[in-house]
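Structure first, commentary second.
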Amino acid sequence: KQEVTQIPAALSVPEGENLVLNCSFTDSAIYNLQWFRQDPGKGLTSLLLIQSSQREQTSGRLNASLDKSSGRSTLYIAASQPGDSATYLCAVRRGSGSARQLTFGSGTQLTVLP
Amino acid sequence: DGGITQSPKYLFRKEGQNVTLSCEQNLNHDAMYWYRQDPGQGLRLIYYSQIVNDFQKGDIAEGYSVSREKKESFPLTVTSAQKNPTAFYLCASSHWTGDSNQPQHFGDGTRLSIL
């Protein structure tokens, strides 16, 4: 059974710092990995999707990497801003079965202090 | 604007009562999903539907029911059999093609509480 872990559960940094969020998964047979942002009381916004054949994806100040063999992904946020404060979740799409469902981690709650 | 609309935003349930959460999308997506999110936890899949008039159980389907009579709509009923229904419920949709890399788009959620 696929399990996804995100460490740390919470992170607080001063504005302007570069930071890394971690995601690990137990089964390397995945189709893709997605990073989402969730603001309090809101739904999820997709940030980056990395296909299983890719090593990284970039969007603005965000860079996500994927190492399938070690079961790890990182989300790098450059020059953090208070507006980046949110919960960040990673999810892997299962590699077997017709459903190709997402398995989510429990998230990292990020606070960027002005 | 295209998107997913969930209603109501807040919902309260009495003991022994069934309640229905609404999810509508105008993205012309084939697939729709219902997730449950508990505090400090990730999302868990309740039910999903790949096509109209067809749906499949997810990991935690007990105590829930769904229908998919229209492509745009995928309502979720939380029945009295669900003993711990207090949670944040999220609906999502996506294209369903041979390409498994279609991202899921999410609504803003419904928070269900027990009276």
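Letters A, B, ... mark the chains of the structure tokens in the order given; residue numbers begin at 1 per chain; ligand numbers begin at 1, in order shown.
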
Please determine the contact residues of chain A with respect to chain B at a cut-off of 10 Å, counting only C-alpha atoms, and supply them as a PyMOL selection string.
chain A and resi 4-6+9+31-34+38-39+41-46+48-52+87+89-91+93-95+98-109

Fewer than 6 positions away in the same chain doesn't count, so skip those; otherwise give me all residues within 8 Å of A:Asn22, counting only C-alpha atoms, as a ChimeraX atom specification.
/A:6-8,72-75

Would you put the residues from that selection into a file with N, CA and C atoms, as a compact mmCIF listing (two decimals), in the first residue's frame?
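Once written, part.txt looks like this:
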```txt
# COMPACT_ATOMS: atom_id res chain seq x y z
N GLN A 6 5.15 13.62 4.67
CA GLN A 6 5.71 14.94 4.50
C GLN A 6 6.29 15.42 5.84
N ILE A 7 7.55 15.82 5.76
CA ILE A 7 8.25 16.31 6.95
C ILE A 7 8.97 17.60 6.58
N PRO A 8 8.87 18.67 7.43
CA PRO A 8 8.18 18.69 8.72
C PRO A 8 6.68 18.93 8.54
N ARG A 72 11.51 9.96 -3.28
CA ARG A 72 11.55 11.30 -2.68
C ARG A 72 11.24 12.39 -3.71
N SER A 73 10.61 13.45 -3.18
CA SER A 73 10.41 14.66 -3.96
C SER A 73 10.65 15.84 -3.04
N THR A 74 11.13 16.93 -3.61
CA THR A 74 11.29 18.16 -2.84
C THR A 74 10.64 19.30 -3.59
N LEU A 75 10.11 20.24 -2.84
CA LEU A 75 9.58 21.49 -3.39
C LEU A 75 10.44 22.61 -2.84
```

Would you mind listing what lies within 10 Å of B:Thr20 as a list in words, with only C-alpha atoms counted and same-chain residues fewer than 2 positions away left out?
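In the requested format, the answer is Ser7, Pro8, Leu11, Asn18, Ser22, Cys23, Tyr64, Ser65, Val66, Pro75, Leu76, Thr77, Val78 and Thr79 of chain B.
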
Please return as an mmCIF file with N, CA, C and O atoms, in the first residue's frame: the residues of chain B that backbone DSSP assigns to strand (DSSP E or B).
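Saved result, out-v2.cif, follows:
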```cif
data_model
loop_
_atom_site.group_PDB
_atom_site.id
_atom_site.type_symbol
_atom_site.label_atom_id
_atom_site.label_comp_id
_atom_site.auth_asym_id
_atom_site.auth_seq_id
_atom_site.Cartn_x
_atom_site.Cartn_y
_atom_site.Cartn_z
ATOM 1 N N ILE B 4 -15.158 24.510 -10.403
ATOM 2 C CA ILE B 4 -15.929 23.548 -9.630
ATOM 3 C C ILE B 4 -16.595 24.283 -8.477
ATOM 4 O O ILE B 4 -15.923 25.020 -7.740
ATOM 5 N N THR B 5 -17.889 24.086 -8.339
ATOM 6 C CA THR B 5 -18.653 24.756 -7.299
ATOM 7 C C THR B 5 -19.182 23.743 -6.311
ATOM 8 O O THR B 5 -19.903 22.804 -6.694
ATOM 9 N N GLN B 6 -18.825 23.923 -5.049
ATOM 10 C CA GLN B 6 -19.342 23.068 -3.991
ATOM 11 C C GLN B 6 -20.284 23.887 -3.111
ATOM 12 O O GLN B 6 -20.011 25.035 -2.779
ATOM 13 N N SER B 7 -21.390 23.251 -2.727
ATOM 14 C CA SER B 7 -22.312 23.923 -1.815
ATOM 15 C C SER B 7 -22.988 22.901 -0.913
ATOM 16 O O SER B 7 -23.155 21.738 -1.289
ATOM 17 N N TYR B 10 -20.806 25.472 4.535
ATOM 18 C CA TYR B 10 -20.899 24.876 5.873
ATOM 19 C C TYR B 10 -22.203 24.094 5.962
ATOM 20 O O TYR B 10 -23.235 24.546 5.451
ATOM 21 N N LEU B 11 -22.157 22.956 6.639
ATOM 22 C CA LEU B 11 -23.339 22.111 6.753
ATOM 23 C C LEU B 11 -23.331 21.442 8.121
ATOM 24 O O LEU B 11 -22.274 21.004 8.594
ATOM 25 N N PHE B 12 -24.518 21.372 8.718
ATOM 26 C CA PHE B 12 -24.633 20.752 10.027
ATOM 27 C C PHE B 12 -25.591 19.572 9.931
ATOM 28 O O PHE B 12 -26.634 19.668 9.279
ATOM 29 N N ARG B 13 -25.239 18.502 10.583
ATOM 30 C CA ARG B 13 -26.051 17.291 10.527
ATOM 31 C C ARG B 13 -26.491 16.883 11.922
ATOM 32 O O ARG B 13 -25.692 16.918 12.864
ATOM 33 N N VAL B 19 -27.414 13.763 4.859
ATOM 34 C CA VAL B 19 -27.231 15.082 4.237
ATOM 35 C C VAL B 19 -26.528 14.898 2.903
ATOM 36 O O VAL B 19 -25.735 13.966 2.733
ATOM 37 N N THR B 20 -26.808 15.816 1.969
ATOM 38 C CA THR B 20 -26.223 15.721 0.632
ATOM 39 C C THR B 20 -25.395 16.962 0.328
ATOM 40 O O THR B 20 -25.863 18.090 0.506
ATOM 41 N N LEU B 21 -24.167 16.727 -0.131
ATOM 42 C CA LEU B 21 -23.256 17.784 -0.523
ATOM 43 C C LEU B 21 -23.271 17.884 -2.042
ATOM 44 O O LEU B 21 -23.175 16.865 -2.744
ATOM 45 N N SER B 22 -23.325 19.111 -2.526
ATOM 46 C CA SER B 22 -23.414 19.324 -3.956
ATOM 47 C C SER B 22 -22.045 19.625 -4.557
ATOM 48 O O SER B 22 -21.213 20.296 -3.941
ATOM 49 N N CYS B 23 -21.803 19.117 -5.779
ATOM 50 C CA CYS B 23 -20.597 19.425 -6.534
ATOM 51 C C CYS B 23 -20.977 19.550 -8.004
ATOM 52 O O CYS B 23 -21.521 18.605 -8.590
ATOM 53 N N GLU B 24 -20.707 20.696 -8.582
ATOM 54 C CA GLU B 24 -21.000 20.965 -9.989
ATOM 55 C C GLU B 24 -19.731 21.479 -10.663
ATOM 56 O O GLU B 24 -19.024 22.308 -10.103
ATOM 57 N N GLN B 25 -19.481 21.001 -11.896
ATOM 58 C CA GLN B 25 -18.326 21.502 -12.645
ATOM 59 C C GLN B 25 -18.730 21.847 -14.070
ATOM 60 O O GLN B 25 -19.575 21.177 -14.647
ATOM 61 N N ALA B 31 -14.163 12.861 -15.386
ATOM 62 C CA ALA B 31 -14.020 12.220 -14.082
ATOM 63 C C ALA B 31 -14.277 13.207 -12.953
ATOM 64 O O ALA B 31 -13.904 14.378 -13.027
ATOM 65 N N MET B 32 -14.909 12.702 -11.912
ATOM 66 C CA MET B 32 -15.138 13.497 -10.706
ATOM 67 C C MET B 32 -14.832 12.643 -9.482
ATOM 68 O O MET B 32 -14.951 11.410 -9.534
ATOM 69 N N TYR B 33 -14.447 13.323 -8.400
ATOM 70 C CA TYR B 33 -13.940 12.646 -7.206
ATOM 71 C C TYR B 33 -14.469 13.335 -5.949
ATOM 72 O O TYR B 33 -14.661 14.555 -5.929
ATOM 73 N N TRP B 34 -14.627 12.541 -4.895
ATOM 74 C CA TRP B 34 -14.923 13.084 -3.578
ATOM 75 C C TRP B 34 -13.838 12.620 -2.615
ATOM 76 O O TRP B 34 -13.520 11.432 -2.537
ATOM 77 N N TYR B 35 -13.305 13.615 -1.852
ATOM 78 C CA TYR B 35 -12.296 13.342 -0.841
ATOM 79 C C TYR B 35 -12.785 13.843 0.516
ATOM 80 O O TYR B 35 -13.552 14.790 0.606
ATOM 81 N N ARG B 36 -12.240 13.235 1.542
ATOM 82 C CA ARG B 36 -12.472 13.685 2.909
ATOM 83 C C ARG B 36 -11.126 14.107 3.491
ATOM 84 O O ARG B 36 -10.104 13.421 3.305
ATOM 85 N N GLN B 37 -11.098 15.242 4.208
ATOM 86 C CA GLN B 37 -9.871 15.719 4.845
ATOM 87 C C GLN B 37 -10.148 15.961 6.324
ATOM 88 O O GLN B 37 -11.036 16.732 6.683
ATOM 89 N N LEU B 43 -5.715 14.060 2.151
ATOM 90 C CA LEU B 43 -7.033 13.737 1.619
ATOM 91 C C LEU B 43 -7.166 12.228 1.418
ATOM 92 O O LEU B 43 -6.218 11.562 0.997
ATOM 93 N N ARG B 44 -8.363 11.713 1.711
ATOM 94 C CA ARG B 44 -8.644 10.299 1.458
ATOM 95 C C ARG B 44 -9.825 10.194 0.498
ATOM 96 O O ARG B 44 -10.818 10.902 0.653
ATOM 97 N N LEU B 45 -9.722 9.296 -0.461
ATOM 98 C CA LEU B 45 -10.710 9.181 -1.517
ATOM 99 C C LEU B 45 -11.935 8.410 -1.046
ATOM 100 O O LEU B 45 -11.814 7.292 -0.529
ATOM 101 N N ILE B 46 -13.121 9.002 -1.251
ATOM 102 C CA ILE B 46 -14.375 8.371 -0.850
ATOM 103 C C ILE B 46 -14.986 7.614 -2.034
ATOM 104 O O ILE B 46 -15.234 6.420 -1.957
ATOM 105 N N TYR B 47 -15.260 8.319 -3.112
ATOM 106 C CA TYR B 47 -15.825 7.752 -4.330
ATOM 107 C C TYR B 47 -15.257 8.526 -5.525
ATOM 108 O O TYR B 47 -14.846 9.666 -5.395
ATOM 109 N N TYR B 48 -15.276 7.869 -6.681
ATOM 110 C CA TYR B 48 -14.934 8.562 -7.909
ATOM 111 C C TYR B 48 -15.788 8.029 -9.043
ATOM 112 O O TYR B 48 -16.324 6.919 -8.960
ATOM 113 N N SER B 49 -15.887 8.842 -10.085
ATOM 114 C CA SER B 49 -16.693 8.474 -11.240
ATOM 115 C C SER B 49 -15.927 8.843 -12.506
ATOM 116 O O SER B 49 -15.469 9.971 -12.653
ATOM 117 N N GLN B 50 -15.790 7.886 -13.389
ATOM 118 C CA GLN B 50 -15.070 8.124 -14.641
ATOM 119 C C GLN B 50 -15.999 8.589 -15.752
ATOM 120 O O GLN B 50 -15.567 9.202 -16.724
ATOM 121 N N ILE B 51 -17.295 8.257 -15.615
ATOM 122 C CA ILE B 51 -18.238 8.521 -16.697
ATOM 123 C C ILE B 51 -19.646 8.551 -16.101
ATOM 124 O O ILE B 51 -19.893 8.001 -15.020
ATOM 125 N N ASP B 54 -21.798 5.815 -13.829
ATOM 126 C CA ASP B 54 -20.842 4.843 -13.317
ATOM 127 C C ASP B 54 -20.003 5.483 -12.222
ATOM 128 O O ASP B 54 -19.578 6.638 -12.364
ATOM 129 N N PHE B 55 -19.779 4.757 -11.129
ATOM 130 C CA PHE B 55 -18.913 5.268 -10.074
ATOM 131 C C PHE B 55 -18.311 4.085 -9.321
ATOM 132 O O PHE B 55 -18.832 2.973 -9.364
ATOM 133 N N GLN B 56 -17.183 4.366 -8.636
ATOM 134 C CA GLN B 56 -16.440 3.324 -7.947
ATOM 135 C C GLN B 56 -16.123 3.759 -6.525
ATOM 136 O O GLN B 56 -15.923 4.952 -6.265
ATOM 137 N N LYS B 57 -16.047 2.800 -5.620
ATOM 138 C CA LYS B 57 -15.668 3.100 -4.251
ATOM 139 C C LYS B 57 -14.185 3.436 -4.178
ATOM 140 O O LYS B 57 -13.355 2.848 -4.863
ATOM 141 N N TYR B 64 -21.188 6.398 2.952
ATOM 142 C CA TYR B 64 -21.397 7.421 1.928
ATOM 143 C C TYR B 64 -22.076 6.807 0.704
ATOM 144 O O TYR B 64 -21.954 5.612 0.468
ATOM 145 N N SER B 65 -22.772 7.658 -0.064
ATOM 146 C CA SER B 65 -23.308 7.216 -1.351
ATOM 147 C C SER B 65 -23.211 8.372 -2.334
ATOM 148 O O SER B 65 -23.161 9.542 -1.942
ATOM 149 N N VAL B 66 -23.154 8.037 -3.630
ATOM 150 C CA VAL B 66 -23.051 9.048 -4.677
ATOM 151 C C VAL B 66 -23.957 8.671 -5.834
ATOM 152 O O VAL B 66 -24.475 7.557 -5.918
ATOM 153 N N LYS B 70 -25.624 13.200 -14.354
ATOM 154 C CA LYS B 70 -25.197 14.192 -15.344
ATOM 155 C C LYS B 70 -23.679 14.345 -15.293
ATOM 156 O O LYS B 70 -23.068 14.200 -14.226
ATOM 157 N N SER B 73 -22.455 16.977 -12.635
ATOM 158 C CA SER B 73 -22.854 16.921 -11.238
ATOM 159 C C SER B 73 -22.488 15.592 -10.587
ATOM 160 O O SER B 73 -22.671 14.520 -11.181
ATOM 161 N N LEU B 76 -22.733 14.007 -3.218
ATOM 162 C CA LEU B 76 -22.315 13.039 -2.193
ATOM 163 C C LEU B 76 -23.311 13.075 -1.037
ATOM 164 O O LEU B 76 -23.586 14.147 -0.494
ATOM 165 N N THR B 77 -23.852 11.914 -0.665
ATOM 166 C CA THR B 77 -24.730 11.819 0.485
ATOM 167 C C THR B 77 -23.978 11.175 1.637
ATOM 168 O O THR B 77 -23.408 10.085 1.480
ATOM 169 N N VAL B 78 -23.986 11.864 2.763
ATOM 170 C CA VAL B 78 -23.404 11.321 3.987
ATOM 171 C C VAL B 78 -24.561 10.710 4.772
ATOM 172 O O VAL B 78 -25.468 11.424 5.223
ATOM 173 N N ALA B 87 -15.864 16.574 9.103
ATOM 174 C CA ALA B 87 -14.660 16.665 8.282
ATOM 175 C C ALA B 87 -14.861 17.751 7.241
ATOM 176 O O ALA B 87 -15.929 18.354 7.123
ATOM 177 N N PHE B 88 -13.803 17.993 6.477
ATOM 178 C CA PHE B 88 -13.827 18.906 5.345
ATOM 179 C C PHE B 88 -13.903 18.046 4.087
ATOM 180 O O PHE B 88 -13.060 17.166 3.887
ATOM 181 N N TYR B 89 -14.931 18.265 3.260
ATOM 182 C CA TYR B 89 -15.142 17.431 2.083
ATOM 183 C C TYR B 89 -14.785 18.215 0.821
ATOM 184 O O TYR B 89 -15.280 19.334 0.602
ATOM 185 N N LEU B 90 -13.958 17.613 -0.006
ATOM 186 C CA LEU B 90 -13.483 18.253 -1.223
ATOM 187 C C LEU B 90 -13.892 17.447 -2.451
ATOM 188 O O LEU B 90 -13.739 16.230 -2.487
ATOM 189 N N CYS B 91 -14.385 18.155 -3.438
ATOM 190 C CA CYS B 91 -14.740 17.568 -4.717
ATOM 191 C C CYS B 91 -13.694 17.980 -5.748
ATOM 192 O O CYS B 91 -13.165 19.100 -5.693
ATOM 193 N N ALA B 92 -13.378 17.097 -6.666
ATOM 194 C CA ALA B 92 -12.402 17.379 -7.709
ATOM 195 C C ALA B 92 -12.883 16.798 -9.033
ATOM 196 O O ALA B 92 -13.768 15.940 -9.073
ATOM 197 N N SER B 93 -12.288 17.284 -10.112
ATOM 198 C CA SER B 93 -12.609 16.736 -11.426
ATOM 199 C C SER B 93 -11.366 16.742 -12.299
ATOM 200 O O SER B 93 -10.400 17.480 -12.031
ATOM 201 N N SER B 94 -11.385 15.930 -13.336
ATOM 202 C CA SER B 94 -10.262 15.895 -14.277
ATOM 203 C C SER B 94 -10.739 15.263 -15.582
ATOM 204 O O SER B 94 -11.786 14.627 -15.631
ATOM 205 N N HIS B 105 -8.596 19.183 -10.569
ATOM 206 C CA HIS B 105 -8.955 20.529 -10.152
ATOM 207 C C HIS B 105 -9.954 20.414 -9.015
ATOM 208 O O HIS B 105 -10.873 19.607 -9.072
ATOM 209 N N PHE B 106 -9.792 21.256 -7.994
ATOM 210 C CA PHE B 106 -10.575 21.132 -6.774
ATOM 211 C C PHE B 106 -11.543 22.294 -6.557
ATOM 212 O O PHE B 106 -11.271 23.433 -6.952
ATOM 213 N N THR B 110 -16.662 21.724 1.443
ATOM 214 C CA THR B 110 -17.796 21.864 2.361
ATOM 215 C C THR B 110 -17.356 21.343 3.715
ATOM 216 O O THR B 110 -16.845 20.223 3.813
ATOM 217 N N ARG B 111 -17.574 22.150 4.747
ATOM 218 C CA ARG B 111 -17.230 21.706 6.100
ATOM 219 C C ARG B 111 -18.496 21.185 6.776
ATOM 220 O O ARG B 111 -19.458 21.926 6.955
ATOM 221 N N LEU B 112 -18.474 19.920 7.130
ATOM 222 C CA LEU B 112 -19.630 19.265 7.749
ATOM 223 C C LEU B 112 -19.360 19.064 9.237
ATOM 224 O O LEU B 112 -18.295 18.574 9.622
ATOM 225 N N SER B 113 -20.351 19.447 10.045
ATOM 226 C CA SER B 113 -20.229 19.294 11.495
ATOM 227 C C SER B 113 -21.486 18.622 12.049
ATOM 228 O O SER B 113 -22.565 18.716 11.451
ATOM 229 N N ILE B 114 -21.331 17.986 13.193
ATOM 230 C CA ILE B 114 -22.450 17.317 13.853
ATOM 231 C C ILE B 114 -23.034 18.214 14.917
ATOM 232 O O ILE B 114 -22.291 18.800 15.709
#
```

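For the atom pair formed by atom CA of B:Ser80 and atom CA of B:Gly16, the distance is 4.7 Å, given to one decimal.
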
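The smallest atom-to-atom distance between A:Ser28 and any of A:Ser12, A:Asn63, A:Gln57, A:Ser69, using only C-alpha atoms, is found for A:Ser69.
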
Nearest to A:Ser80 among A:Thr111, A:Asn18, A:Ser65, A:Thr58, with distances taken over only C-alpha atoms: which residue is it?
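Result for the nearest residue to A:Ser80: A:Asn18.
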
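Residue nearest A:Gly71 within the list A:Leu21, A:Val92, A:Leu113, A:Ala86: A:Val92 [criterion: smallest interatomic distance, only C-alpha atoms].
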